[in-house]
$ cat entry-v3.pdb   # PDB, C-alpha atoms and all ligand atoms
ATOM      1  CA  MET V  25     167.754 111.730  25.661
ATOM      2  CA  GLU V  26     164.244 112.955  26.169
ATOM      3  CA  VAL V  27     161.495 111.194  28.021
ATOM      4  CA  HIS V  28     158.462 111.113  25.802
ATOM      5  CA  GLY V  29     155.033 112.362  26.764
ATOM      6  CA  ALA V  30     153.037 109.298  25.763
ATOM      7  CA  HIS V  31     149.923 109.758  23.705
ATOM      8  CA  ARG V  32     147.697 107.503  21.689
ATOM      9  CA  GLY V  33     149.384 104.632  19.906
ATOM     10  CA  GLU V  34     152.450 104.748  22.099
ATOM     11  CA  GLU V  35     151.773 102.153  24.713
ATOM     12  CA  LYS V  36     154.982 101.312  26.443
ATOM     13  CA  ARG V  37     158.036 103.162  27.536
ATOM     14  CA  TYR V  38     161.445 101.878  28.465
ATOM     15  CA  GLY V  39     163.081 104.954  29.977
ATOM     16  CA  VAL V  40     164.695 106.658  26.991
ATOM     17  CA  ALA V  41     162.996 104.515  24.323
ATOM     18  CA  HIS V  42     159.306 104.077  23.729
ATOM     19  CA  VAL V  43     157.104 102.047  21.446
ATOM     20  CA  MET V  44     155.232 103.507  18.493
ATOM     21  CA  SER V  45     152.760 101.224  16.790
ATOM     22  CA  ASN V  46     149.595 101.031  14.732
ATOM     23  CA  LEU V  47     147.985  98.681  17.258
ATOM     24  CA  ASP V  48     144.758  99.338  19.092
ATOM     25  CA  ALA V  49     144.084  98.391  22.713
ATOM     26  CA  ASP V  50     143.478  94.766  21.640
ATOM     27  CA  GLY V  51     146.783  94.586  19.752
ATOM     28  CA  LYS V  52     145.126  94.740  16.327
ATOM     29  CA  PRO V  53     146.446  96.931  13.492
ATOM     30  CA  THR V  54     144.319  99.994  12.963
ATOM     31  CA  ILE V  55     144.560 103.236  11.016
ATOM     32  CA  ARG V  56     144.085 106.368  13.081
ATOM     33  CA  ILE V  57     144.330 109.516  11.033
ATOM     34  CA  SER V  58     144.095 112.551  13.248
ATOM     35  CA  LYS V  59     145.613 116.001  13.112
ATOM     36  CA  ALA V  60     148.322 114.712  15.428
ATOM     37  CA  SER V  61     149.168 111.553  13.517
ATOM     38  CA  ASN V  62     152.585 111.013  12.013
ATOM     39  CA  TYR V  63     150.975 110.437   8.608
ATOM     40  CA  HIS V  64     151.376 114.208   8.097
ATOM     41  CA  TRP V  65     154.689 115.858   7.220
ATOM     42  CA  HIS V  66     156.305 116.988  10.442
ATOM     43  CA  THR V  67     159.502 117.449  12.360
ATOM     44  CA  ASP V  68     159.569 115.881  15.810
ATOM     45  CA  LYS V  69     158.350 118.046  18.695
ATOM     46  CA  PRO V  70     158.853 121.503  17.177
ATOM     47  CA  TYR V  71     156.564 122.889  19.887
ATOM     48  CA  HIS V  72     159.361 122.542  22.418
ATOM     49  CA  PRO V  73     161.656 125.499  23.139
ATOM     50  CA  ALA V  74     164.641 123.259  22.274
ATOM     51  CA  PRO V  75     163.281 120.566  19.915
ATOM     52  CA  PRO V  76     165.117 117.271  19.447
ATOM     53  CA  MET V  77     168.143 117.386  17.166
ATOM     54  CA  LEU V  78     167.774 113.789  16.094
ATOM     55  CA  THR V  79     165.426 110.868  16.296
ATOM     56  CA  MET V  80     166.345 107.179  16.233
ATOM     57  CA  LEU V  81     163.801 104.643  15.058
ATOM     58  CA  ARG V  82     164.225 100.874  15.044
ATOM     59  CA  ALA V  83     161.896  98.537  13.194
ATOM     60  CA  VAL V  84     160.600  95.696  15.378
ATOM     61  CA  GLU V  85     157.625  94.571  13.249
ATOM     62  CA  VAL V  86     156.748  95.948   9.807
ATOM     63  CA  PRO V  87     154.233  95.068   7.080
ATOM     64  CA  PRO V  88     155.590  92.291   4.823
ATOM     65  CA  LYS V  89     157.317  92.940   1.511
ATOM     66  CA  GLY V  90     154.779  93.290  -1.261
ATOM     67  CA  ALA V  91     152.102  94.673   1.067
ATOM     68  CA  GLY V  92     152.388  98.097  -0.554
ATOM     69  CA  ARG V  93     154.021 101.284   0.580
ATOM     70  CA  GLY V  94     152.147 101.550   3.873
ATOM     71  CA  GLY V  95     154.534 101.930   6.809
ATOM     72  CA  ASP V  96     157.381 103.362   4.745
ATOM     73  CA  THR V  97     158.847 106.575   6.104
ATOM     74  CA  GLU V  98     159.406 109.502   3.753
ATOM     75  CA  PHE V  99     162.018 112.153   4.521
ATOM     76  CA  ALA V 100     162.076 115.585   2.868
ATOM     77  CA  ASN V 101     165.308 117.598   2.925
ATOM     78  CA  THR V 102     164.376 121.167   3.890
ATOM     79  CA  ALA V 103     167.917 122.491   3.386
ATOM     80  CA  LEU V 104     167.829 121.468  -0.295
ATOM     81  CA  ALA V 105     164.312 122.895  -0.495
ATOM     82  CA  TYR V 106     165.465 126.203   0.966
ATOM     83  CA  ASP V 107     168.383 126.412  -1.469
ATOM     84  CA  ALA V 108     165.982 125.896  -4.383
ATOM     85  CA  LEU V 109     163.717 128.826  -3.422
ATOM     86  CA  PRO V 110     163.798 131.968  -5.579
ATOM     87  CA  ASP V 111     165.945 134.739  -4.064
ATOM     88  CA  GLU V 112     162.888 136.946  -3.747
ATOM     89  CA  THR V 113     161.159 134.316  -1.586
ATOM     90  CA  LYS V 114     164.291 133.870   0.531
ATOM     91  CA  ARG V 115     164.288 137.608   1.208
ATOM     92  CA  ARG V 116     160.572 137.641   1.985
ATOM     93  CA  ILE V 117     160.740 134.844   4.558
ATOM     94  CA  ALA V 118     164.162 135.592   6.059
ATOM     95  CA  ALA V 119     162.973 137.121   9.329
ATOM     96  CA  LEU V 120     159.680 135.265   9.777
ATOM     97  CA  ARG V 121     158.881 133.095  12.780
ATOM     98  CA  VAL V 122     156.539 130.118  12.843
ATOM     99  CA  VAL V 123     154.135 129.447  15.692
ATOM    100  CA  PHE V 124     153.976 125.780  16.731
ATOM    101  CA  ARG V 125     151.463 124.106  18.973
ATOM    102  CA  PRO V 126     150.993 120.355  19.400
ATOM    103  CA  ALA V 127     147.946 119.164  17.478
ATOM    104  CA  PHE V 128     147.071 116.780  20.328
ATOM    105  CA  ASP V 129     147.273 119.206  23.252
ATOM    106  CA  ASP V 130     145.797 122.708  23.154
ATOM    107  CA  SER V 131     146.797 123.400  26.721
ATOM    108  CA  ARG V 132     150.499 123.761  25.949
ATOM    109  CA  PRO V 133     151.746 127.281  25.318
ATOM    110  CA  ALA V 134     152.490 128.122  21.698
ATOM    111  CA  ILE V 135     156.182 128.322  20.814
ATOM    112  CA  ASN V 136     157.704 130.183  17.904
ATOM    113  CA  HIS V 137     160.864 129.383  15.982
ATOM    114  CA  PRO V 138     162.564 130.860  12.903
ATOM    115  CA  LEU V 139     160.951 129.712   9.641
ATOM    116  CA  VAL V 140     164.452 129.645   8.200
ATOM    117  CA  ARG V 141     166.759 128.069  10.736
ATOM    118  CA  THR V 142     170.512 127.801  10.560
ATOM    119  CA  HIS V 143     171.982 124.382  11.266
ATOM    120  CA  PRO V 144     174.295 124.731  14.269
ATOM    121  CA  ASP V 145     176.850 122.250  12.865
ATOM    122  CA  THR V 146     176.866 122.937   9.136
ATOM    123  CA  GLY V 147     175.725 126.575   8.998
ATOM    124  CA  ARG V 148     173.248 125.645   6.266
ATOM    125  CA  LYS V 149     169.824 127.214   6.202
ATOM    126  CA  ALA V 150     166.711 125.047   6.180
ATOM    127  CA  LEU V 151     162.957 125.546   6.322
ATOM    128  CA  TYR V 152     161.403 124.669   9.669
ATOM    129  CA  LEU V 153     157.672 123.962   9.401
ATOM    130  CA  GLY V 154     155.242 121.068   8.965
ATOM    131  CA  ASN V 155     152.464 119.639  11.114
ATOM    132  CA  HIS V 156     152.034 121.470  14.444
ATOM    133  CA  SER V 157     152.856 124.803  12.746
ATOM    134  CA  THR V 158     149.752 126.959  13.040
ATOM    135  CA  HIS V 159     150.653 130.346  11.556
ATOM    136  CA  ILE V 160     153.338 132.984  11.118
ATOM    137  CA  LEU V 161     154.004 135.298  14.041
ATOM    138  CA  GLY V 162     152.604 138.796  13.399
ATOM    139  CA  MET V 163     150.908 137.863  10.110
ATOM    140  CA  PRO V 164     147.149 137.377   9.633
ATOM    141  CA  GLU V 165     146.543 133.688  10.343
ATOM    142  CA  THR V 166     145.069 132.843   6.949
ATOM    143  CA  GLU V 167     147.907 134.545   5.095
ATOM    144  CA  GLY V 168     150.460 132.764   7.243
ATOM    145  CA  ARG V 169     148.728 129.431   6.734
ATOM    146  CA  VAL V 170     148.766 129.907   2.952
ATOM    147  CA  LEU V 171     152.480 130.717   2.999
ATOM    148  CA  LEU V 172     153.241 127.675   5.174
ATOM    149  CA  ASP V 173     151.184 125.438   2.874
ATOM    150  CA  GLU V 174     153.032 126.748  -0.193
ATOM    151  CA  LEU V 175     156.431 126.221   1.396
ATOM    152  CA  LEU V 176     155.456 122.731   2.581
ATOM    153  CA  ALA V 177     154.296 121.779  -0.923
ATOM    154  CA  HIS V 178     157.603 123.080  -2.288
ATOM    155  CA  ALA V 179     159.724 121.269   0.317
ATOM    156  CA  THR V 180     158.033 117.902  -0.122
ATOM    157  CA  GLN V 181     158.398 117.561  -3.881
ATOM    158  CA  PRO V 182     159.753 114.149  -4.870
ATOM    159  CA  ARG V 183     163.147 115.652  -5.800
ATOM    160  CA  PHE V 184     163.763 116.477  -2.116
ATOM    161  CA  VAL V 185     162.368 113.219  -0.719
ATOM    162  CA  TYR V 186     163.977 109.923   0.301
ATOM    163  CA  VAL V 187     161.690 106.977   1.055
ATOM    164  CA  HIS V 188     162.803 104.382   3.579
ATOM    165  CA  ARG V 189     161.282 100.941   3.210
ATOM    166  CA  TRP V 190     161.767  99.252   6.571
ATOM    167  CA  ARG V 191     163.142  95.814   7.215
ATOM    168  CA  VAL V 192     162.989  94.315  10.696
ATOM    169  CA  GLY V 193     166.079  95.387  12.624
ATOM    170  CA  ASP V 194     166.700  98.588  10.657
ATOM    171  CA  LEU V 195     167.830 101.508  12.769
ATOM    172  CA  VAL V 196     167.449 104.916  11.157
ATOM    173  CA  MET V 197     168.685 108.149  12.716
ATOM    174  CA  TRP V 198     167.672 111.469  11.258
ATOM    175  CA  ASP V 199     168.352 115.129  11.768
ATOM    176  CA  ASN V 200     165.157 116.956  12.718
ATOM    177  CA  ARG V 201     166.833 120.316  12.091
ATOM    178  CA  CYS V 202     166.819 119.918   8.316
ATOM    179  CA  LEU V 203     164.336 117.107   7.562
ATOM    180  CA  LEU V 204     160.609 116.627   7.566
ATOM    181  CA  HIS V 205     159.196 113.121   7.707
ATOM    182  CA  ARG V 206     155.905 111.227   7.562
ATOM    183  CA  VAL V 207     154.668 107.659   7.538
ATOM    184  CA  VAL V 208     152.996 106.458   4.347
ATOM    185  CA  VAL V 209     149.494 105.229   5.048
ATOM    186  CA  ASP V 210     147.562 102.757   2.920
ATOM    187  CA  ALA V 211     145.378  99.720   3.540
ATOM    188  CA  ALA V 212     148.399  97.693   4.730
ATOM    189  CA  MET V 213     148.576  99.857   7.850
ATOM    190  CA  GLY V 214     145.142  98.592   8.841
ATOM    191  CA  GLN V 215     146.115  94.979   8.133
ATOM    192  CA  TYR V 216     149.650  94.410   9.370
ATOM    193  CA  ARG V 217     151.429  95.187  12.603
ATOM    194  CA  ARG V 218     153.960  98.015  12.574
ATOM    195  CA  VAL V 219     155.919  98.332  15.795
ATOM    196  CA  MET V 220     158.877 100.667  16.184
ATOM    197  CA  HIS V 221     161.122 101.708  19.059
ATOM    198  CA  ARG V 222     161.942 105.386  19.157
ATOM    199  CA  SER V 223     164.401 107.592  21.030
ATOM    200  CA  VAL V 224     165.048 111.271  20.546
ATOM    201  CA  VAL V 225     168.097 113.366  21.424
ATOM    202  CA  ARG V 226     167.550 116.862  22.720
ATOM    203  CA  GLY V 227     168.679 119.733  20.534
ATOM    204  CA  THR V 228     169.308 123.420  21.009
ATOM    205  CA  VAL V 229     167.079 126.456  20.598
ATOM    206  CA  PRO V 230     166.680 127.020  16.825
ATOM    207  CA  ILE V 231     168.373 130.153  15.475
TER     208      ILE V 231
HETATM  209 FE    FE N 301     157.956 111.802  13.813
END
$ encode --input "entry-v3.pdb" --output "structure tokens" --more "lines below"
Ligand SMILES: [Fe+2]
Amino acid sequence: MEVHGAHRGEEKRYGVAHVMSNLDADGKPTIRISKASNYHWHTDKPYHPAPPMLTMLRAVEVPPKGAGRGGDTEFANTALAYDALPDETKRRIAALRVVFRPAFDDSRPAINHPLVRTHPDTGRKALYLGNHSTHILGMPETEGRVLLDELLAHATQPRFVYVHRWRVGDLVMWDNRCLLHRVVVDAAMGQYRRVMHRSVVRGTVPI
């Protein structure tokens, strides 16, 4: 398990689990959309040398049924997305490395990982990108950004996405090595409490 570096919106920690919520300092629901927010497609902590292999999330309080899609979590399968790329694109991106830096902390050193990573258990290849990826190593930044944006748009098409609608008590575990995820934001997230407990399990250096 990894101890989490708390940042905004994550008020309490219980050793290996911590709280993620949409509550402000007064305990009121609020929508904070920043570069670092989990409303953007991301994989958890890719700016670590050995990012977490999996994340566990348990729903403690969620917006009520019928409140809209706000608070749902969407998961995009980047192994399926990789498989669906044209062969020419697969060849073009095979040896590229992505530079990651946390959007909330410029002081951390940038880390780079393979854009196409091989799952250590299944041997399947998957795209590794999303929020916190800044550019491609050794490529002009704008060009790298455009490529990352194109690949992200490809990987997050509805055909690769599962949407989880939370019920209180749900526990979802996901594999950060082959999935992107994001929280759906709409007006409900500014109206209703959403409180989750999260733990992450350390992974290995991506290859
Ligand atoms: Fe996340």
$ residues_around --input "entry-v3.pdb" --residues "segment 199-208 of chain V" --least-positions-apart "3" --cutoff "8 Å" --atoms "all atoms listed in the file" --output "ChimeraX atom specification"
/V:62-68,76-79,93-103,141,143,150-152,154
$ write_last_selection --input "entry-v3.pdb" --atoms "C-alpha atoms" --output "compact mmCIF listing (two decimals), in the coordinates of the input"
# COMPACT_ATOMS: atom_id res chain seq x y z
CA ASN V 62 152.58 111.01 12.01
CA TYR V 63 150.98 110.44 8.61
CA HIS V 64 151.38 114.21 8.10
CA TRP V 65 154.69 115.86 7.22
CA HIS V 66 156.30 116.99 10.44
CA THR V 67 159.50 117.45 12.36
CA ASP V 68 159.57 115.88 15.81
CA PRO V 76 165.12 117.27 19.45
CA MET V 77 168.14 117.39 17.17
CA LEU V 78 167.77 113.79 16.09
CA THR V 79 165.43 110.87 16.30
CA ARG V 93 154.02 101.28 0.58
CA GLY V 94 152.15 101.55 3.87
CA GLY V 95 154.53 101.93 6.81
CA ASP V 96 157.38 103.36 4.74
CA THR V 97 158.85 106.58 6.10
CA GLU V 98 159.41 109.50 3.75
CA PHE V 99 162.02 112.15 4.52
CA ALA V 100 162.08 115.58 2.87
CA ASN V 101 165.31 117.60 2.92
CA THR V 102 164.38 121.17 3.89
CA ALA V 103 167.92 122.49 3.39
CA ARG V 141 166.76 128.07 10.74
CA HIS V 143 171.98 124.38 11.27
CA ALA V 150 166.71 125.05 6.18
CA LEU V 151 162.96 125.55 6.32
CA TYR V 152 161.40 124.67 9.67
CA GLY V 154 155.24 121.07 8.96
$ resolve_selection --input "entry-v3.pdb" --expression "the PyMOL selection byres (((chain V and resi 156-173) around 6) and not hetatm)" --output "PyMOL selection string"
chain V and resi 121-127+153-155+174-176
$ write_last_selection --input "entry-v3.pdb" --atoms "C-alpha atoms" --output "PDB file, in the coordinates of the input"
ATOM      1  CA  ARG V 121     158.881 133.095  12.780  1.00  0.00           C
ATOM      2  CA  VAL V 122     156.539 130.118  12.843  1.00  0.00           C
ATOM      3  CA  VAL V 123     154.135 129.447  15.692  1.00  0.00           C
ATOM      4  CA  PHE V 124     153.976 125.780  16.731  1.00  0.00           C
ATOM      5  CA  ARG V 125     151.463 124.106  18.973  1.00  0.00           C
ATOM      6  CA  PRO V 126     150.993 120.355  19.400  1.00  0.00           C
ATOM      7  CA  ALA V 127     147.946 119.164  17.478  1.00  0.00           C
ATOM      8  CA  LEU V 153     157.672 123.962   9.401  1.00  0.00           C
ATOM      9  CA  GLY V 154     155.242 121.068   8.965  1.00  0.00           C
ATOM     10  CA  ASN V 155     152.464 119.639  11.114  1.00  0.00           C
ATOM     11  CA  GLU V 174     153.032 126.748  -0.193  1.00  0.00           C
ATOM     12  CA  LEU V 175     156.431 126.221   1.396  1.00  0.00           C
ATOM     13  CA  LEU V 176     155.456 122.731   2.581  1.00  0.00           C
TER      14      LEU V 176
END
$ closest_residue --input "entry-v3.pdb" --among "V:Arg183, V:Asp194, V:Asp129, V:Thr228" --to "Lys59 of chain V" --atoms "all atoms listed in the file"
V:Asp129
$ atom_distance --input "entry-v3.pdb" --atom1 "atom CA of Val219 of chain V" --atom2 "atom CA of His72 of chain V"
25.3 Å
$ atom_distance --input "entry-v3.pdb" --atom1 "atom CA of His137 of chain V" --atom2 "atom CA of Pro70 of chain V"
8.2 Å
$ atom_distance --input "entry-v3.pdb" --atom1 "atom CA of Lys69 of chain V" --atom2 "atom CA of Ala212 of chain V"
26.6 Å
$ closest_residue --input "entry-v3.pdb" --among "V:Ala108, V:Ile57, V:Val86, V:Ile231" --to "Gln215 of chain V" --atoms "only C-alpha atoms"
V:Val86
$ resolve_selection --input "entry-v3.pdb" --expression "the PyMOL selection byres (((chain V and resi 84) around 10) and not hetatm)" --output "PDB file with C-alpha atoms, keeping the file's coordinate frame"
ATOM      1  CA  VAL V  43     157.104 102.047  21.446  1.00  0.00           C
ATOM      2  CA  MET V  44     155.232 103.507  18.493  1.00  0.00           C
ATOM      3  CA  SER V  45     152.760 101.224  16.790  1.00  0.00           C
ATOM      4  CA  LEU V  81     163.801 104.643  15.058  1.00  0.00           C
ATOM      5  CA  ARG V  82     164.225 100.874  15.044  1.00  0.00           C
ATOM      6  CA  ALA V  83     161.896  98.537  13.194  1.00  0.00           C
ATOM      7  CA  GLU V  85     157.625  94.571  13.249  1.00  0.00           C
ATOM      8  CA  VAL V  86     156.748  95.948   9.807  1.00  0.00           C
ATOM      9  CA  TRP V 190     161.767  99.252   6.571  1.00  0.00           C
ATOM     10  CA  ARG V 191     163.142  95.814   7.215  1.00  0.00           C
ATOM     11  CA  VAL V 192     162.989  94.315  10.696  1.00  0.00           C
ATOM     12  CA  GLY V 193     166.079  95.387  12.624  1.00  0.00           C
ATOM     13  CA  ASP V 194     166.700  98.588  10.657  1.00  0.00           C
ATOM     14  CA  LEU V 195     167.830 101.508  12.769  1.00  0.00           C
ATOM     15  CA  ARG V 217     151.429  95.187  12.603  1.00  0.00           C
ATOM     16  CA  ARG V 218     153.960  98.015  12.574  1.00  0.00           C
ATOM     17  CA  VAL V 219     155.919  98.332  15.795  1.00  0.00           C
ATOM     18  CA  MET V 220     158.877 100.667  16.184  1.00  0.00           C
ATOM     19  CA  HIS V 221     161.122 101.708  19.059  1.00  0.00           C
TER      20      HIS V 221
END
$ residues_around --input "entry-v3.pdb" --residues "Ala74 of chain V" --least-positions-apart "4" --cutoff "7 Å" --atoms "all atoms listed in the file" --output "PyMOL selection string"
chain V and resi 227-230
$ residues_around --input "entry-v3.pdb" --residues "Phe184 of chain V" --least-positions-apart "3" --cutoff "7 Å" --atoms "all atoms listed in the file" --output "count of residues only"
7
$ closest_residue --input "entry-v3.pdb" --among "V:Leu109, V:Leu47, V:Ala60, V:Ile117" --to "ligand FE 301 (chain N)" --atoms "all atoms listed in the file"
V:Ala60
$ decode --input "entry-v3.pdb" --residues "segment 87-144 of chain V" --atoms "C-alpha atoms" --output "PDB file, in the first residue's frame"
ATOM      1  CA  PRO V  87     -25.320  11.743  -5.166  1.00  0.00           C
ATOM      2  CA  PRO V  88     -28.813  10.179  -5.123  1.00  0.00           C
ATOM      3  CA  LYS V  89     -30.242   8.164  -7.999  1.00  0.00           C
ATOM      4  CA  GLY V  90     -31.821  10.445 -10.560  1.00  0.00           C
ATOM      5  CA  ALA V  91     -29.456  13.325  -9.775  1.00  0.00           C
ATOM      6  CA  GLY V  92     -27.747  12.906 -13.142  1.00  0.00           C
ATOM      7  CA  ARG V  93     -24.449  11.393 -14.113  1.00  0.00           C
ATOM      8  CA  GLY V  94     -22.322  13.556 -11.827  1.00  0.00           C
ATOM      9  CA  GLY V  95     -20.077  11.443  -9.601  1.00  0.00           C
ATOM     10  CA  ASP V  96     -20.057   8.427 -11.907  1.00  0.00           C
ATOM     11  CA  THR V  97     -16.609   7.100 -12.731  1.00  0.00           C
ATOM     12  CA  GLU V  98     -15.724   6.343 -16.343  1.00  0.00           C
ATOM     13  CA  PHE V  99     -13.017   3.819 -17.203  1.00  0.00           C
ATOM     14  CA  ALA V 100     -11.334   3.625 -20.615  1.00  0.00           C
ATOM     15  CA  ASN V 101      -9.529   0.419 -21.595  1.00  0.00           C
ATOM     16  CA  THR V 102      -6.184   1.446 -23.110  1.00  0.00           C
ATOM     17  CA  ALA V 103      -5.248  -2.121 -24.082  1.00  0.00           C
ATOM     18  CA  LEU V 104      -8.323  -2.367 -26.337  1.00  0.00           C
ATOM     19  CA  ALA V 105      -7.529   1.123 -27.616  1.00  0.00           C
ATOM     20  CA  TYR V 106      -3.963   0.117 -28.439  1.00  0.00           C
ATOM     21  CA  ASP V 107      -5.129  -3.006 -30.276  1.00  0.00           C
ATOM     22  CA  ALA V 108      -7.467  -0.878 -32.402  1.00  0.00           C
ATOM     23  CA  LEU V 109      -4.705   1.474 -33.617  1.00  0.00           C
ATOM     24  CA  PRO V 110      -3.559   1.211 -37.243  1.00  0.00           C
ATOM     25  CA  ASP V 111      -0.324  -0.782 -37.623  1.00  0.00           C
ATOM     26  CA  GLU V 112       1.428   2.299 -38.948  1.00  0.00           C
ATOM     27  CA  THR V 113       0.591   4.206 -35.748  1.00  0.00           C
ATOM     28  CA  LYS V 114       1.726   1.274 -33.602  1.00  0.00           C
ATOM     29  CA  ARG V 115       5.080   1.351 -35.383  1.00  0.00           C
ATOM     30  CA  ARG V 116       5.368   5.122 -35.049  1.00  0.00           C
ATOM     31  CA  ILE V 117       4.764   5.176 -31.293  1.00  0.00           C
ATOM     32  CA  ALA V 118       6.475   1.905 -30.347  1.00  0.00           C
ATOM     33  CA  ALA V 119       9.620   3.387 -28.814  1.00  0.00           C
ATOM     34  CA  LEU V 120       8.246   6.701 -27.540  1.00  0.00           C
ATOM     35  CA  ARG V 121       8.344   7.757 -23.902  1.00  0.00           C
ATOM     36  CA  VAL V 122       5.906  10.085 -22.171  1.00  0.00           C
ATOM     37  CA  VAL V 123       6.993  12.732 -19.690  1.00  0.00           C
ATOM     38  CA  PHE V 124       4.742  12.971 -16.619  1.00  0.00           C
ATOM     39  CA  ARG V 125       4.661  15.669 -14.000  1.00  0.00           C
ATOM     40  CA  PRO V 126       1.949  16.163 -11.379  1.00  0.00           C
ATOM     41  CA  ALA V 127      -0.348  19.020 -12.355  1.00  0.00           C
ATOM     42  CA  PHE V 128      -0.518  20.139  -8.709  1.00  0.00           C
ATOM     43  CA  ASP V 129       3.201  20.209  -7.907  1.00  0.00           C
ATOM     44  CA  ASP V 130       5.806  21.682 -10.250  1.00  0.00           C
ATOM     45  CA  SER V 131       8.605  21.008  -7.817  1.00  0.00           C
ATOM     46  CA  ARG V 132       8.629  17.253  -8.392  1.00  0.00           C
ATOM     47  CA  PRO V 133      11.079  15.967 -10.977  1.00  0.00           C
ATOM     48  CA  ALA V 134       9.554  14.905 -14.281  1.00  0.00           C
ATOM     49  CA  ILE V 135       9.382  11.149 -14.845  1.00  0.00           C
ATOM     50  CA  ASN V 136       9.141   9.379 -18.170  1.00  0.00           C
ATOM     51  CA  HIS V 137       7.513   6.057 -18.964  1.00  0.00           C
ATOM     52  CA  PRO V 138       6.877   4.093 -22.172  1.00  0.00           C
ATOM     53  CA  LEU V 139       3.873   5.403 -24.126  1.00  0.00           C
ATOM     54  CA  VAL V 140       3.136   1.786 -24.973  1.00  0.00           C
ATOM     55  CA  ARG V 141       3.594  -0.290 -21.856  1.00  0.00           C
ATOM     56  CA  THR V 142       3.493  -4.044 -21.572  1.00  0.00           C
ATOM     57  CA  HIS V 143       1.327  -5.457 -18.804  1.00  0.00           C
ATOM     58  CA  PRO V 144       3.584  -7.490 -16.511  1.00  0.00           C
TER      59      PRO V 144
END
